[in-house]
Every structure is written in structure tokens, then in C-alpha cells.
file coords.cif (mmCIF, C-alpha atoms)
data_entry
loop_
_atom_site.label_atom_id
_atom_site.label_comp_id
_atom_site.auth_asym_id
_atom_site.auth_seq_id
_atom_site.Cartn_x
_atom_site.Cartn_y
_atom_site.Cartn_z
CA MET A 58 6.27 -5.29 -73.11
CA GLU A 59 3.52 -3.29 -71.41
CA GLN A 60 3.84 -3.17 -67.63
CA VAL A 61 0.97 -4.77 -65.70
CA GLN A 62 -0.87 -2.25 -63.52
CA TYR A 63 -1.51 -3.36 -59.96
CA ASN A 64 -5.03 -3.97 -58.66
CA TYR A 65 -6.19 -2.58 -55.33
CA GLU A 66 -6.09 -6.09 -53.86
CA ASP A 67 -2.39 -6.34 -54.74
CA PHE A 68 -1.63 -3.49 -52.35
CA ALA A 69 -3.47 -5.25 -49.51
CA ARG A 70 -1.54 -8.49 -49.93
CA LEU A 71 1.48 -7.45 -47.83
CA PRO A 72 -0.34 -6.12 -44.72
CA THR A 73 -2.81 -9.01 -44.85
CA THR A 74 -0.02 -11.61 -45.09
CA VAL A 75 1.91 -10.08 -42.18
CA PHE A 76 -1.11 -10.33 -39.88
CA TRP A 77 -1.74 -13.90 -40.99
CA ILE A 78 1.55 -14.82 -39.31
CA MET A 79 -0.17 -14.47 -35.94
CA GLY A 80 -3.45 -15.96 -37.14
CA TYR A 81 -5.34 -12.67 -37.47
CA ASP A 82 -7.34 -12.01 -40.63
CA MET A 83 -7.87 -8.26 -40.85
CA LEU A 84 -10.21 -8.30 -43.85
CA ASP A 85 -12.10 -11.44 -42.79
CA VAL A 86 -11.44 -13.24 -46.09
CA PRO A 87 -13.75 -16.26 -46.62
CA LYS A 88 -12.02 -19.54 -45.74
CA THR A 89 -12.86 -23.20 -45.50
CA ARG A 90 -14.20 -24.40 -42.14
CA SER A 91 -11.07 -26.37 -41.26
CA ARG A 92 -8.77 -23.49 -42.14
CA ARG A 93 -10.90 -21.07 -40.13
CA ILE A 94 -10.70 -23.36 -37.08
CA LEU A 95 -6.91 -23.70 -37.41
CA TYR A 96 -6.55 -19.92 -37.63
CA ARG A 97 -8.63 -19.43 -34.51
CA ILE A 98 -6.68 -22.07 -32.56
CA TYR A 99 -3.37 -20.53 -33.57
CA ARG A 100 -4.58 -17.03 -32.76
CA PHE A 101 -5.78 -18.22 -29.35
CA LEU A 102 -2.40 -19.83 -28.65
CA CYS A 103 -0.58 -16.59 -29.52
CA LEU A 104 -2.87 -14.50 -27.31
CA ALA A 105 -2.80 -17.01 -24.44
CA SER A 106 0.99 -17.28 -24.56
CA HIS A 107 1.26 -13.51 -24.60
CA ALA A 108 -1.04 -13.22 -21.58
CA VAL A 109 0.94 -15.88 -19.66
CA CYS A 110 4.29 -14.24 -20.42
CA VAL A 111 3.07 -10.77 -19.46
CA GLY A 112 1.62 -12.19 -16.25
CA VAL A 113 4.89 -13.92 -15.32
CA MET A 114 6.85 -10.77 -16.16
CA ILE A 115 4.65 -8.65 -13.87
CA PHE A 116 5.03 -11.27 -11.12
CA ARG A 117 8.85 -11.13 -11.40
CA MET A 118 8.79 -7.34 -11.25
CA VAL A 119 6.57 -7.32 -8.17
CA GLU A 120 8.62 -10.08 -6.57
CA ALA A 121 11.85 -8.20 -7.43
CA LYS A 122 14.08 -11.06 -6.22
CA THR A 123 15.56 -12.00 -9.60
CA ILE A 124 16.16 -8.47 -10.91
CA ASP A 125 19.52 -7.85 -9.30
CA ASN A 126 21.70 -5.97 -11.81
CA VAL A 127 21.63 -3.00 -14.21
CA SER A 128 21.57 -5.21 -17.30
CA LEU A 129 18.41 -6.96 -16.14
CA ILE A 130 16.76 -3.68 -15.19
CA MET A 131 17.33 -2.36 -18.71
CA ARG A 132 16.12 -5.66 -20.17
CA TYR A 133 12.88 -5.47 -18.21
CA ALA A 134 12.47 -1.81 -19.17
CA THR A 135 12.83 -2.81 -22.82
CA LEU A 136 10.27 -5.58 -22.48
CA VAL A 137 7.73 -3.40 -20.68
CA THR A 138 7.91 -0.59 -23.25
CA TYR A 139 7.81 -3.00 -26.18
CA ILE A 140 4.79 -4.83 -24.75
CA ILE A 141 2.92 -1.55 -24.24
CA ASN A 142 3.83 -0.49 -27.78
CA SER A 143 2.73 -3.78 -29.34
CA ASP A 144 -0.47 -4.13 -27.32
CA THR A 145 -1.46 -0.56 -28.20
CA LYS A 146 -1.08 -1.34 -31.88
CA PHE A 147 -2.90 -4.66 -31.52
CA ALA A 148 -5.81 -2.84 -29.86
CA THR A 149 -5.87 -0.54 -32.90
CA ALA A 150 -5.93 -3.55 -35.24
CA LEU A 151 -8.95 -4.94 -33.38
CA GLN A 152 -11.07 -2.15 -34.90
CA GLY A 153 -11.93 -4.59 -37.66
CA ASN A 154 -15.19 -3.01 -38.78
CA ALA A 155 -13.71 0.49 -39.07
CA ILE A 156 -10.66 -0.80 -40.95
CA GLN A 157 -12.79 -2.87 -43.33
CA SER A 158 -15.07 0.13 -43.92
CA LEU A 159 -12.10 2.41 -44.78
CA ASN A 160 -10.67 -0.34 -46.99
CA SER A 161 -13.96 -0.62 -48.90
CA LYS A 162 -14.16 3.15 -49.44
CA LEU A 163 -10.63 3.27 -50.80
CA ALA A 164 -11.30 0.23 -53.00
CA GLU A 165 -14.27 2.05 -54.57
CA LEU A 166 -12.12 5.11 -55.23
CA TYR A 167 -9.21 3.15 -56.74
CA PRO A 168 -8.76 3.65 -60.54
CA LYS A 169 -10.70 0.97 -62.38
CA THR A 170 -9.40 1.07 -65.96
CA THR A 171 -5.85 0.39 -67.09
CA LEU A 172 -5.53 3.86 -68.64
CA ASP A 173 -6.75 5.47 -65.43
CA ARG A 174 -4.24 3.45 -63.40
CA ILE A 175 -1.45 4.47 -65.74
CA TYR A 176 -2.48 8.11 -65.39
CA HIS A 177 -2.47 7.83 -61.57
CA ARG A 178 0.85 5.94 -61.75
CA VAL A 179 -0.37 3.33 -59.32
CA ASN A 180 2.70 1.16 -59.86
CA ASP A 181 4.90 3.98 -58.51
CA HIS A 182 2.98 3.75 -55.23
CA TYR A 183 3.28 -0.02 -54.87
CA TRP A 184 5.41 -1.55 -52.13
CA THR A 185 9.05 -1.21 -53.08
CA LYS A 186 11.46 -4.12 -52.75
CA SER A 187 13.44 -2.16 -50.16
CA PHE A 188 10.31 -1.80 -48.03
CA VAL A 189 9.51 -5.52 -48.28
CA TYR A 190 13.12 -6.32 -47.34
CA LEU A 191 12.79 -3.98 -44.36
CA VAL A 192 9.73 -5.90 -43.14
CA ILE A 193 11.56 -9.20 -43.60
CA ILE A 194 14.64 -7.90 -41.77
CA TYR A 195 12.49 -6.54 -38.92
CA ILE A 196 10.70 -9.85 -38.45
CA GLY A 197 13.95 -11.77 -38.99
CA SER A 198 15.89 -9.74 -36.40
CA SER A 199 13.04 -10.24 -33.95
CA ILE A 200 13.16 -13.99 -34.60
CA MET A 201 16.91 -13.94 -34.01
CA VAL A 202 16.34 -12.27 -30.62
CA VAL A 203 14.20 -15.29 -29.65
CA ILE A 204 16.26 -18.10 -31.19
CA GLY A 205 19.64 -16.49 -30.47
CA PRO A 206 19.90 -18.05 -26.98
CA ILE A 207 19.28 -21.58 -28.24
CA ILE A 208 21.84 -21.03 -31.01
CA THR A 209 24.30 -19.92 -28.34
CA SER A 210 23.47 -23.07 -26.35
CA ILE A 211 24.07 -25.25 -29.40
CA ILE A 212 27.40 -23.52 -30.09
CA ALA A 213 28.39 -24.08 -26.45
CA TYR A 214 27.43 -27.77 -26.78
CA CYS A 215 29.54 -28.16 -29.92
CA ALA A 216 32.53 -26.37 -28.38
CA GLN A 217 32.38 -27.59 -24.77
CA ASN A 218 29.95 -30.53 -24.92
CA VAL A 219 27.68 -28.66 -22.47
CA PHE A 220 24.19 -27.50 -23.44
CA THR A 221 23.48 -24.31 -21.44
CA TYR A 222 19.68 -24.27 -21.87
CA MET A 223 19.59 -20.52 -22.51
CA HIS A 224 16.31 -18.90 -23.51
CA CYS A 225 15.10 -15.43 -24.45
CA TYR A 226 13.14 -13.82 -21.64
CA PRO A 227 14.57 -13.43 -18.11
CA TYR A 228 11.27 -13.84 -16.27
CA PHE A 229 11.20 -17.59 -16.93
CA LEU A 230 13.55 -19.46 -14.58
CA TYR A 231 14.93 -22.81 -15.68
CA ASP A 232 17.45 -24.96 -13.80
CA PRO A 233 18.68 -27.89 -15.97
CA THR A 234 19.84 -29.77 -12.86
CA LYS A 235 16.35 -29.80 -11.35
CA ASP A 236 13.80 -29.11 -14.09
CA PRO A 237 12.82 -31.60 -16.84
CA VAL A 238 13.60 -30.93 -20.52
CA TRP A 239 9.91 -30.62 -21.41
CA LYS A 240 9.72 -27.51 -19.23
CA TYR A 241 12.49 -25.92 -21.30
CA ILE A 242 10.65 -26.82 -24.50
CA GLY A 243 7.43 -25.39 -23.05
CA ILE A 244 9.18 -22.14 -22.08
CA TYR A 245 10.59 -21.78 -25.58
CA ALA A 246 7.18 -22.43 -27.17
CA LEU A 247 5.61 -19.77 -24.95
CA GLU A 248 8.37 -17.31 -25.75
CA TRP A 249 8.06 -17.95 -29.48
CA LEU A 250 4.28 -17.40 -29.59
CA HIS A 251 4.54 -14.42 -27.22
CA SER A 252 7.19 -12.83 -29.45
CA THR A 253 5.13 -13.53 -32.58
CA GLN A 254 2.14 -11.74 -31.06
CA MET A 255 4.21 -8.67 -30.13
CA VAL A 256 6.35 -8.39 -33.27
CA ILE A 257 3.52 -8.86 -35.77
CA SER A 258 1.23 -6.48 -33.86
CA ASN A 259 3.98 -3.90 -33.88
CA ILE A 260 4.99 -3.99 -37.53
CA GLY A 261 1.61 -5.11 -38.91
CA ALA A 262 -0.40 -2.17 -37.60
CA ASP A 263 2.10 0.28 -39.07
CA ILE A 264 1.96 -1.45 -42.46
CA TRP A 265 -1.83 -1.06 -42.49
CA LEU A 266 -1.43 2.60 -41.58
CA LEU A 267 1.06 3.13 -44.42
CA TYR A 268 -1.13 1.13 -46.81
CA PHE A 269 -4.10 3.45 -46.25
CA GLN A 270 -1.95 6.57 -46.30
CA VAL A 271 -0.32 5.57 -49.59
CA GLN A 272 -3.77 5.17 -51.17
CA ILE A 273 -4.89 8.62 -50.02
CA ASN A 274 -1.63 10.16 -51.23
CA LEU A 275 -2.11 8.46 -54.61
CA HIS A 276 -5.42 10.28 -55.11
CA PHE A 277 -4.06 13.65 -54.01
CA ARG A 278 -1.33 13.27 -56.64
CA GLY A 279 -4.04 12.40 -59.16
CA ILE A 280 -5.91 15.62 -58.35
CA ILE A 281 -2.74 17.69 -58.71
CA ARG A 282 -1.84 16.07 -62.03
CA SER A 283 -5.33 16.44 -63.50
CA LEU A 284 -5.45 20.14 -62.52
CA GLU A 285 -2.06 20.77 -64.08
CA ASP A 286 -3.03 18.99 -67.30
CA HIS A 287 -6.50 20.51 -67.72
CA LYS A 288 -6.87 23.50 -70.08
CA PRO A 289 -10.27 25.18 -69.58
CA SER A 290 -12.00 27.38 -72.11
CA VAL A 291 -15.27 29.31 -72.28
CA LYS A 292 -16.05 27.24 -75.38
CA HIS A 293 -16.60 24.12 -73.26
CA ASP A 294 -17.45 25.78 -69.95
CA GLN A 295 -20.05 23.21 -68.89
CA GLU A 296 -17.61 20.31 -69.21
CA ASP A 297 -14.95 22.31 -67.39
CA ARG A 298 -17.26 23.00 -64.46
CA LYS A 299 -18.26 19.33 -64.27
CA PHE A 300 -14.57 18.46 -64.19
CA LEU A 301 -13.94 20.85 -61.29
CA ALA A 302 -17.09 19.70 -59.46
CA LYS A 303 -15.65 16.17 -59.46
CA ILE A 304 -12.34 17.53 -58.18
CA VAL A 305 -14.10 19.37 -55.34
CA ASP A 306 -16.12 16.27 -54.42
CA LYS A 307 -13.00 14.10 -54.49
CA GLN A 308 -11.09 16.61 -52.38
CA VAL A 309 -13.86 16.55 -49.75
CA HIS A 310 -13.99 12.75 -49.90
CA LEU A 311 -10.23 12.46 -49.36
CA VAL A 312 -10.41 14.74 -46.33
CA SER A 313 -13.15 12.49 -44.95
CA LEU A 314 -11.04 9.37 -45.60
CA GLN A 315 -8.05 10.96 -43.86
CA ASN A 316 -10.26 11.75 -40.87
CA ASP A 317 -11.36 8.10 -40.82
CA LEU A 318 -7.71 7.05 -40.90
CA ASN A 319 -6.86 9.40 -38.04
CA GLY A 320 -9.87 8.12 -36.11
CA ILE A 321 -8.63 4.52 -36.38
CA PHE A 322 -4.90 4.99 -35.83
CA GLY A 323 -4.65 8.42 -34.21
CA GLY A 324 -5.73 7.25 -30.78
CA SER A 325 -2.76 4.91 -30.47
CA LEU A 326 -0.31 6.80 -32.65
CA LEU A 327 0.89 9.17 -29.96
CA LEU A 328 1.41 6.42 -27.39
CA SER A 329 3.07 4.12 -29.93
CA LEU A 330 5.52 6.86 -30.97
CA LEU A 331 6.46 7.50 -27.36
CA THR A 332 6.85 3.81 -26.52
CA THR A 333 8.82 3.18 -29.73
CA ALA A 334 11.22 5.93 -28.68
CA ALA A 335 11.45 4.33 -25.23
CA VAL A 336 12.15 0.91 -26.80
CA ILE A 337 14.92 2.41 -28.94
CA CYS A 338 16.47 4.05 -25.85
CA THR A 339 16.36 0.98 -23.61
CA VAL A 340 17.47 -1.43 -26.33
CA ALA A 341 20.36 0.87 -27.26
CA VAL A 342 21.54 1.11 -23.63
CA TYR A 343 21.11 -2.65 -23.08
CA THR A 344 23.11 -3.36 -26.24
CA LEU A 345 25.92 -1.04 -25.14
CA ILE A 346 26.03 -2.81 -21.76
CA GLN A 347 26.07 -6.31 -23.31
CA GLY A 348 28.85 -5.50 -25.76
CA ALA A 349 29.84 -7.52 -28.84
CA THR A 350 27.62 -10.61 -28.59
CA LEU A 351 25.19 -12.39 -30.92
CA GLU A 352 22.33 -10.89 -28.90
CA GLY A 353 23.89 -7.44 -29.13
CA PHE A 354 24.28 -7.77 -32.91
CA THR A 355 20.63 -8.76 -33.42
CA TYR A 356 19.53 -5.87 -31.22
CA VAL A 357 21.56 -3.43 -33.35
CA ILE A 358 19.66 -4.63 -36.44
CA PHE A 359 16.41 -4.41 -34.48
CA ILE A 360 17.13 -0.78 -33.50
CA GLY A 361 17.89 0.11 -37.13
CA THR A 362 14.63 -1.35 -38.42
CA SER A 363 12.63 0.25 -35.56
CA VAL A 364 14.05 3.70 -36.38
CA THR A 365 13.24 3.16 -40.06
CA GLN A 366 9.73 2.07 -39.09
CA VAL A 367 9.12 5.35 -37.25
CA TYR A 368 10.71 7.30 -40.10
CA LEU A 369 8.36 5.79 -42.69
CA VAL A 370 5.25 6.67 -40.67
CA CYS A 371 6.50 10.25 -40.34
CA TYR A 372 7.57 10.37 -43.99
CA TYR A 373 4.15 9.42 -45.33
CA GLY A 374 2.55 11.79 -42.83
CA GLN A 375 4.74 14.54 -44.33
CA GLN A 376 3.69 13.50 -47.82
CA VAL A 377 -0.04 13.92 -47.24
CA LEU A 378 0.64 17.27 -45.55
CA ASP A 379 2.63 18.46 -48.57
CA LEU A 380 0.32 17.02 -51.22
CA SER A 381 -2.83 18.54 -49.73
CA GLY A 382 -1.09 21.93 -49.84
CA GLU A 383 0.20 21.39 -53.38
CA VAL A 384 -3.40 21.22 -54.62
CA ALA A 385 -3.58 25.02 -54.22
CA HIS A 386 -0.30 25.42 -56.12
CA ALA A 387 -1.66 23.26 -58.93
CA VAL A 388 -4.68 25.57 -59.17
CA TYR A 389 -2.46 28.66 -59.28
CA ASN A 390 -0.14 27.18 -61.88
CA HIS A 391 -2.61 25.71 -64.36
CA ASP A 392 -3.76 27.74 -67.35
CA PHE A 393 -7.17 29.12 -66.32
CA HIS A 394 -6.99 32.51 -68.11
CA ASP A 395 -9.37 31.46 -70.85
CA ALA A 396 -11.90 29.99 -68.39
CA SER A 397 -15.28 31.42 -67.42
CA ILE A 398 -16.01 33.34 -64.22
CA ALA A 399 -18.02 30.35 -62.87
CA TYR A 400 -15.01 28.09 -63.44
CA LYS A 401 -12.75 30.49 -61.56
CA ARG A 402 -15.17 30.49 -58.63
CA TYR A 403 -14.83 26.72 -58.45
CA LEU A 404 -11.07 27.18 -58.38
CA LEU A 405 -11.46 29.54 -55.44
CA ILE A 406 -13.38 26.83 -53.52
CA ILE A 407 -10.55 24.35 -54.13
CA ILE A 408 -7.93 26.89 -53.02
CA ILE A 409 -9.84 27.70 -49.83
CA ARG A 410 -10.16 24.01 -48.98
CA ALA A 411 -6.48 23.44 -49.71
CA GLN A 412 -5.53 26.13 -47.19
CA GLN A 413 -6.57 23.71 -44.45
CA PRO A 414 -3.83 21.07 -44.69
CA VAL A 415 -4.80 17.43 -44.52
CA GLU A 416 -2.58 15.65 -42.04
CA LEU A 417 -1.91 12.40 -40.28
CA ASN A 418 -2.25 13.25 -36.62
CA ALA A 419 -2.29 11.65 -33.21
CA MET A 420 -5.63 12.36 -31.53
CA GLY A 421 -5.72 15.80 -33.14
CA TYR A 422 -2.83 17.00 -30.99
CA LEU A 423 0.34 16.00 -32.79
CA SER A 424 0.84 16.29 -36.54
CA ILE A 425 2.95 13.39 -37.81
CA SER A 426 5.67 14.69 -40.11
CA LEU A 427 9.43 14.61 -40.61
CA ASP A 428 9.75 17.29 -37.92
CA THR A 429 8.13 14.82 -35.53
CA PHE A 430 10.77 12.24 -36.44
CA LYS A 431 13.61 14.72 -35.91
CA GLN A 432 12.27 15.70 -32.50
CA LEU A 433 11.76 12.07 -31.52
CA MET A 434 15.29 11.08 -32.48
CA SER A 435 16.75 14.13 -30.76
CA VAL A 436 14.96 13.31 -27.50
CA SER A 437 15.94 9.62 -27.80
CA TYR A 438 19.61 10.51 -28.23
CA ARG A 439 19.54 12.74 -25.15
CA VAL A 440 17.82 10.05 -23.09
CA ILE A 441 20.36 7.38 -24.19
CA THR A 442 23.24 9.71 -23.26
CA MET A 443 21.68 10.45 -19.87
CA LEU A 444 21.07 6.77 -19.09
CA MET A 445 24.62 5.80 -20.02
CA GLN A 446 26.00 8.56 -17.77
CA MET A 447 23.81 7.38 -14.88
CA ILE A 448 24.94 3.77 -15.31
CA GLN A 449 28.63 4.63 -15.60
#
call {"tool": "encode", "arguments": {"input": "coords.cif", "output": "C-alpha cells"}}
result
Amino acid sequence: MEQVQYNYEDFARLPTTVFWIMGYDMLDVPKTRSRRILYRIYRFLCLASHAVCVGVMIFRMVEAKTIDNVSLIMRYATLVTYIINSDTKFATALQGNAIQSLNSKLAELYPKTTLDRIYHRVNDHYWTKSFVYLVIIYIGSSIMVVIGPIITSIIAYCAQNVFTYMHCYPYFLYDPTKDPVWKYIGIYALEWLHSTQMVISNIGADIWLLYFQVQINLHFRGIIRSLEDHKPSVKHDQEDRKFLAKIVDKQVHLVSLQNDLNGIFGGSLLLSLLTTAAVICTVAVYTLIQGATLEGFTYVIFIGTSVTQVYLVCYYGQQVLDLSGEVAHAVYNHDFHDASIAYKRYLLIIIIRAQQPVELNAMGYLSISLDTFKQLMSVSYRVITMLMQMIQ
């Protein structure tokens, strides 16, 4: 049975769905009036809850009366860095017009016919099951961080007949002997919506980044494959030069698209990498302090998915760096000996352009590659070791 080739819209389904979880429609898909109103209300609740929680957290930090041990200090450090990381990515996602424009350009470039899609091997670039599972595990572990305390309270009630009224974030104070139950429910609702806003902003923005980068990488691979397969001859020189002219135009267009991608995500990429590293460090130290608990276990999963998240961004950044350079190798390796002089001049243009590597970068200062990941993990490990020595 012939395998169905994915449409461009199929690729967008995952990043779009993830952002829908917090009521944000990146591509502004037409909806019924009632559904549009519900989305806006839900989005407002997420943003309002996030603003309230951040405000209360800042108040507790300024007040400094309730932060009285090392564990809480590390917990607040984790929350601050994660909030900065998530809000930076959410600010990037708010560039709706720029993202929709880049999406439209890539949609126009996407292979239209089934044969063309087979040639570009679009299905090989589609979201793998392991990646989808990673997204689910990331969101699931984040949910467990929020609902873990109430599960612990339920377990305590079943074992000791005492409900402990535990909740996720330390900046909300609740005393079951004085405060009504509805306050506890309200706190949990705020924490849930606040967490939704942060988690989806964090993972969702990276999925959009990977989505666009995968599309650009797909077309670079198409250029390389078409150059390797093409056999020019002076007998059909005009067709050969038209073929190369299209390659040159596509190469220029892909460089422009990569620059658009860097313009959208590059501004926040550097800060998000630094804050992600800080989150990994503080969460790791906090987990080591807490020991073998349900919360500690969920944080271990969270750290694993966060590291993988950074790795994937760096991995696809490495791919576009390598693929843009491999265009020159494809020119060198393909059989151009029987081609005309004019054809060979076109090849020279492609080689010259390929000498300037296309890269995913942060504000033009930091090239995102696997070397970046190695350096980030090395620094994170040293910081975790230093913090543990200071605490002990």
C-alpha cells in the first residue's frame, strides 16, 4: 500500500495544538463566534492568573519573611528563572504577524505534487513518535509538579485521615485552621492556570522554532539531492542552466527564510538558553535537597525533558549549518564534466554562496549547534557542583 505523503498543514498541527492548550491561536484559524469568545476568556484567565502569581511571588521575595531555609531559596530561584524563560518565549510567540508571514512563505515553497513530496522525502521530516511522546512527557511531568501536592494530601488523608492541604507554589500561604476551603480551591485554580501559561509558552515556542527549522532543512536536502542526481550535458545546456538558476534562486530564498527565522526567535534564543540552563541547575539542586519524594521524582523527569528540549534546538541548528555547507560538496561531487562553461559558472555561484554557512543564531552573536549544547551542559554541571558544595 502506497504511503500517504503529509501536507504542509499536517506539520503545523502539533505546534498549533500545543498553543491551543493555553487558548492562544498562533495562525489565527477562523472559528465560530462562540468558540472565539471562549478562547479569549480562557486566554485572559491564563494571563491574569500568571500575572497574579508573579506579583505574589515578587511580594514574598521583597517581604522575605517566609523564605527561611535553603530549600525555599532554591525553589524561588527555580521559579524566577523558569518564569523569565517562559515569558521570554511567550513574548516571541506574540510576534504573530511575523510568524504567520514566515509560515505562508514556507507553505508556498512546500512540494505540491505527490511525486515531488516523495522526492523530497517529506514523511522522513515529519514529527516522530518519540518527539510527540517527549512533548507529552514534558507537559505531563509539569502537570505532575502542580497536582503532586494534592495527590500527597489525598494519600495522607487515606493513610492518616488528615488532609494536609498542600499546594504547589510556596508564595501562597494557606492555613486550614483559619482559611476557608474555597481559598484553597482558588489557590489551586490560580496555580494550575499560571503553570499552564508557563509550561505551554516554554515548550510551544520551541516546537514552532523546530517546525520552521525542519521545513528549511527539508529544502536544503532537496537542493543537495537534486544536484547529486542531475547529469548536465552541452546537448541540453539551456535546460541545465534553467535548472541551476532555480537552484540559485531557491538557495537565496532559503537564506532569506533562515534570516526571518533568526529575526523572530533569535532575540529571545540567547536569553532562553541561559535561563533554561539556570532552571536545570536550580531544579537539580532542589531535587537533590528534597531527596526521594514524589515531587523529586517528577522534577527528575522534568530535568530530563528540559535537557532534551535544549538538545533538539541545538541539533536542528547543527543540521542547517551542516546542510548549507553540504550544498558545495554536492556541487563538487556531481558529474558536471560534460557541461558547458556557462553551466560551470552557475556552479561557481552556488559554491561561493555555500561558503557562507546558513545558521540558527541568537541575535547574530551565538551560533546554535551541538557545540553550544555541550558548552551549556558543561557549564550547568559545574554550577550544580558549586551550588551543592556551597550548601553542604
call {"tool": "closest_residue", "arguments": {"input": "coords.cif", "among": "A:Tyr403, A:Phe430, A:Tyr63, A:Tyr96", "to": "Leu331 of chain A", "atoms": "all atoms listed in the file"}}
result
A:Phe430
call {"tool": "closest_residue", "arguments": {"input": "coords.cif", "among": "A:Leu314, A:Leu275, A:Met255, A:Leu247", "to": "Lys146 of chain A", "atoms": "all atoms listed in the file"}}
result
A:Met255
call {"tool": "residues_around", "arguments": {"input": "coords.cif", "residues": "segment 134-141 of chain A", "least_positions_apart": "5", "cutoff": "8 Å", "atoms": "all atoms listed in the file", "output": "count of residues only"}}
result
7
call {"tool": "resolve_selection", "arguments": {"input": "coords.cif", "expression": "the PyMOL selection byres ((chain A and resi 279-296) around 8)", "output": "list in words"}}
result
Tyr176, His177, Leu275, His276, Phe277, Arg278, Asp297, Arg298, Lys299, Phe300, Ile304, Gln308, Glu383, Val384, Ala387, Val388, Asn390, His391, Asp392, Phe393, Asp395, Ala396, Ser397 and Tyr400 of chain A
call {"tool": "atom_distance", "arguments": {"input": "coords.cif", "atom1": "atom CA of Ile257 of chain A", "atom2": "atom CA of Val370 of chain A"}}
result
16.4 Å
call {"tool": "resolve_selection", "arguments": {"input": "coords.cif", "expression": "the PyMOL selection byres ((chain A and resi 261-270) around 7)", "output": "list in words"}}
result
Pro72, Val75, Phe76, Lys146, Ala150, Ile257, Ser258, Asn259, Ile260, Val271, Gln272, Ile273, Asn274, Val370 and Tyr373 of chain A
call {"tool": "write_last_selection", "arguments": {"input": "coords.cif", "atoms": "C-alpha atoms", "output": "PDB file, in the frame of the given file"}}
result
ATOM      1  CA  PRO A  72      -0.340  -6.120 -44.720  1.00  0.00           C
ATOM      2  CA  VAL A  75       1.910 -10.080 -42.180  1.00  0.00           C
ATOM      3  CA  PHE A  76      -1.110 -10.330 -39.880  1.00  0.00           C
ATOM      4  CA  LYS A 146      -1.080  -1.340 -31.880  1.00  0.00           C
ATOM      5  CA  ALA A 150      -5.930  -3.550 -35.240  1.00  0.00           C
ATOM      6  CA  ILE A 257       3.520  -8.860 -35.770  1.00  0.00           C
ATOM      7  CA  SER A 258       1.230  -6.480 -33.860  1.00  0.00           C
ATOM      8  CA  ASN A 259       3.980  -3.900 -33.880  1.00  0.00           C
ATOM      9  CA  ILE A 260       4.990  -3.990 -37.530  1.00  0.00           C
ATOM     10  CA  VAL A 271      -0.320   5.570 -49.590  1.00  0.00           C
ATOM     11  CA  GLN A 272      -3.770   5.170 -51.170  1.00  0.00           C
ATOM     12  CA  ILE A 273      -4.890   8.620 -50.020  1.00  0.00           C
ATOM     13  CA  ASN A 274      -1.630  10.160 -51.230  1.00  0.00           C
ATOM     14  CA  VAL A 370       5.250   6.670 -40.670  1.00  0.00           C
ATOM     15  CA  TYR A 373       4.150   9.420 -45.330  1.00  0.00           C
TER      16      TYR A 373
END
call {"tool": "atom_distance", "arguments": {"input": "coords.cif", "atom1": "atom CA of Ile211 of chain A", "atom2": "atom CA of Lys235 of chain A"}}
result
20.2 Å
call {"tool": "build_atoms", "arguments": {"input": "coords.cif", "residues": "segment 291-296 of chain A", "atoms": "all heavy atoms", "output": "PDB file, in the frame of the given file"}}
result
ATOM      1  N   VAL A 291     -13.851  28.921 -72.314  1.00  0.00           N
ATOM      2  CA  VAL A 291     -15.270  29.310 -72.280  1.00  0.00           C
ATOM      3  C   VAL A 291     -16.065  28.527 -73.330  1.00  0.00           C
ATOM      4  O   VAL A 291     -17.296  28.421 -73.229  1.00  0.00           O
ATOM      5  CB  VAL A 291     -15.423  30.823 -72.516  1.00  0.00           C
ATOM      6  CG1 VAL A 291     -14.906  31.611 -71.316  1.00  0.00           C
ATOM      7  CG2 VAL A 291     -14.696  31.257 -73.785  1.00  0.00           C
ATOM      8  N   LYS A 292     -15.363  27.990 -74.335  1.00  0.00           N
ATOM      9  CA  LYS A 292     -16.050  27.240 -75.380  1.00  0.00           C
ATOM     10  C   LYS A 292     -16.649  25.932 -74.862  1.00  0.00           C
ATOM     11  O   LYS A 292     -17.636  25.426 -75.403  1.00  0.00           O
ATOM     12  CB  LYS A 292     -15.087  26.941 -76.518  1.00  0.00           C
ATOM     13  CG  LYS A 292     -14.573  28.188 -77.233  1.00  0.00           C
ATOM     14  CD  LYS A 292     -13.579  27.818 -78.318  1.00  0.00           C
ATOM     15  CE  LYS A 292     -13.024  29.059 -79.018  1.00  0.00           C
ATOM     16  NZ  LYS A 292     -12.019  28.719 -80.066  1.00  0.00           N
ATOM     17  N   HIS A 293     -16.052  25.351 -73.851  1.00  0.00           N
ATOM     18  CA  HIS A 293     -16.600  24.120 -73.260  1.00  0.00           C
ATOM     19  C   HIS A 293     -16.693  24.300 -71.745  1.00  0.00           C
ATOM     20  O   HIS A 293     -16.178  23.507 -70.960  1.00  0.00           O
ATOM     21  CB  HIS A 293     -15.752  22.890 -73.620  1.00  0.00           C
ATOM     22  CG  HIS A 293     -14.279  23.096 -73.556  1.00  0.00           C
ATOM     23  ND1 HIS A 293     -13.559  23.165 -72.392  1.00  0.00           N
ATOM     24  CD2 HIS A 293     -13.387  23.278 -74.567  1.00  0.00           C
ATOM     25  CE1 HIS A 293     -12.281  23.342 -72.656  1.00  0.00           C
ATOM     26  NE2 HIS A 293     -12.141  23.424 -73.974  1.00  0.00           N
ATOM     27  N   ASP A 294     -17.355  25.388 -71.365  1.00  0.00           N
ATOM     28  CA  ASP A 294     -17.450  25.780 -69.950  1.00  0.00           C
ATOM     29  C   ASP A 294     -18.184  24.741 -69.117  1.00  0.00           C
ATOM     30  O   ASP A 294     -17.804  24.446 -67.981  1.00  0.00           O
ATOM     31  CB  ASP A 294     -18.144  27.143 -69.840  1.00  0.00           C
ATOM     32  CG  ASP A 294     -18.262  27.590 -68.401  1.00  0.00           C
ATOM     33  OD1 ASP A 294     -17.226  27.639 -67.701  1.00  0.00           O
ATOM     34  OD2 ASP A 294     -19.393  27.880 -67.951  1.00  0.00           O
ATOM     35  N   GLN A 295     -19.256  24.168 -69.668  1.00  0.00           N
ATOM     36  CA  GLN A 295     -20.050  23.210 -68.890  1.00  0.00           C
ATOM     37  C   GLN A 295     -19.222  21.966 -68.533  1.00  0.00           C
ATOM     38  O   GLN A 295     -19.253  21.495 -67.396  1.00  0.00           O
ATOM     39  CB  GLN A 295     -21.297  22.799 -69.686  1.00  0.00           C
ATOM     40  CG  GLN A 295     -22.274  21.960 -68.854  1.00  0.00           C
ATOM     41  CD  GLN A 295     -23.584  21.722 -69.596  1.00  0.00           C
ATOM     42  OE1 GLN A 295     -23.755  22.170 -70.730  1.00  0.00           O
ATOM     43  NE2 GLN A 295     -24.494  21.012 -68.958  1.00  0.00           N
ATOM     44  N   GLU A 296     -18.452  21.467 -69.483  1.00  0.00           N
ATOM     45  CA  GLU A 296     -17.610  20.310 -69.210  1.00  0.00           C
ATOM     46  C   GLU A 296     -16.506  20.658 -68.205  1.00  0.00           C
ATOM     47  O   GLU A 296     -16.165  19.843 -67.337  1.00  0.00           O
ATOM     48  CB  GLU A 296     -16.965  19.805 -70.518  1.00  0.00           C
ATOM     49  CG  GLU A 296     -17.917  19.126 -71.483  1.00  0.00           C
ATOM     50  CD  GLU A 296     -18.738  20.132 -72.285  1.00  0.00           C
ATOM     51  OE1 GLU A 296     -18.473  21.359 -72.144  1.00  0.00           O
ATOM     52  OE2 GLU A 296     -19.649  19.715 -73.025  1.00  0.00           O
TER      53      GLU A 296
END
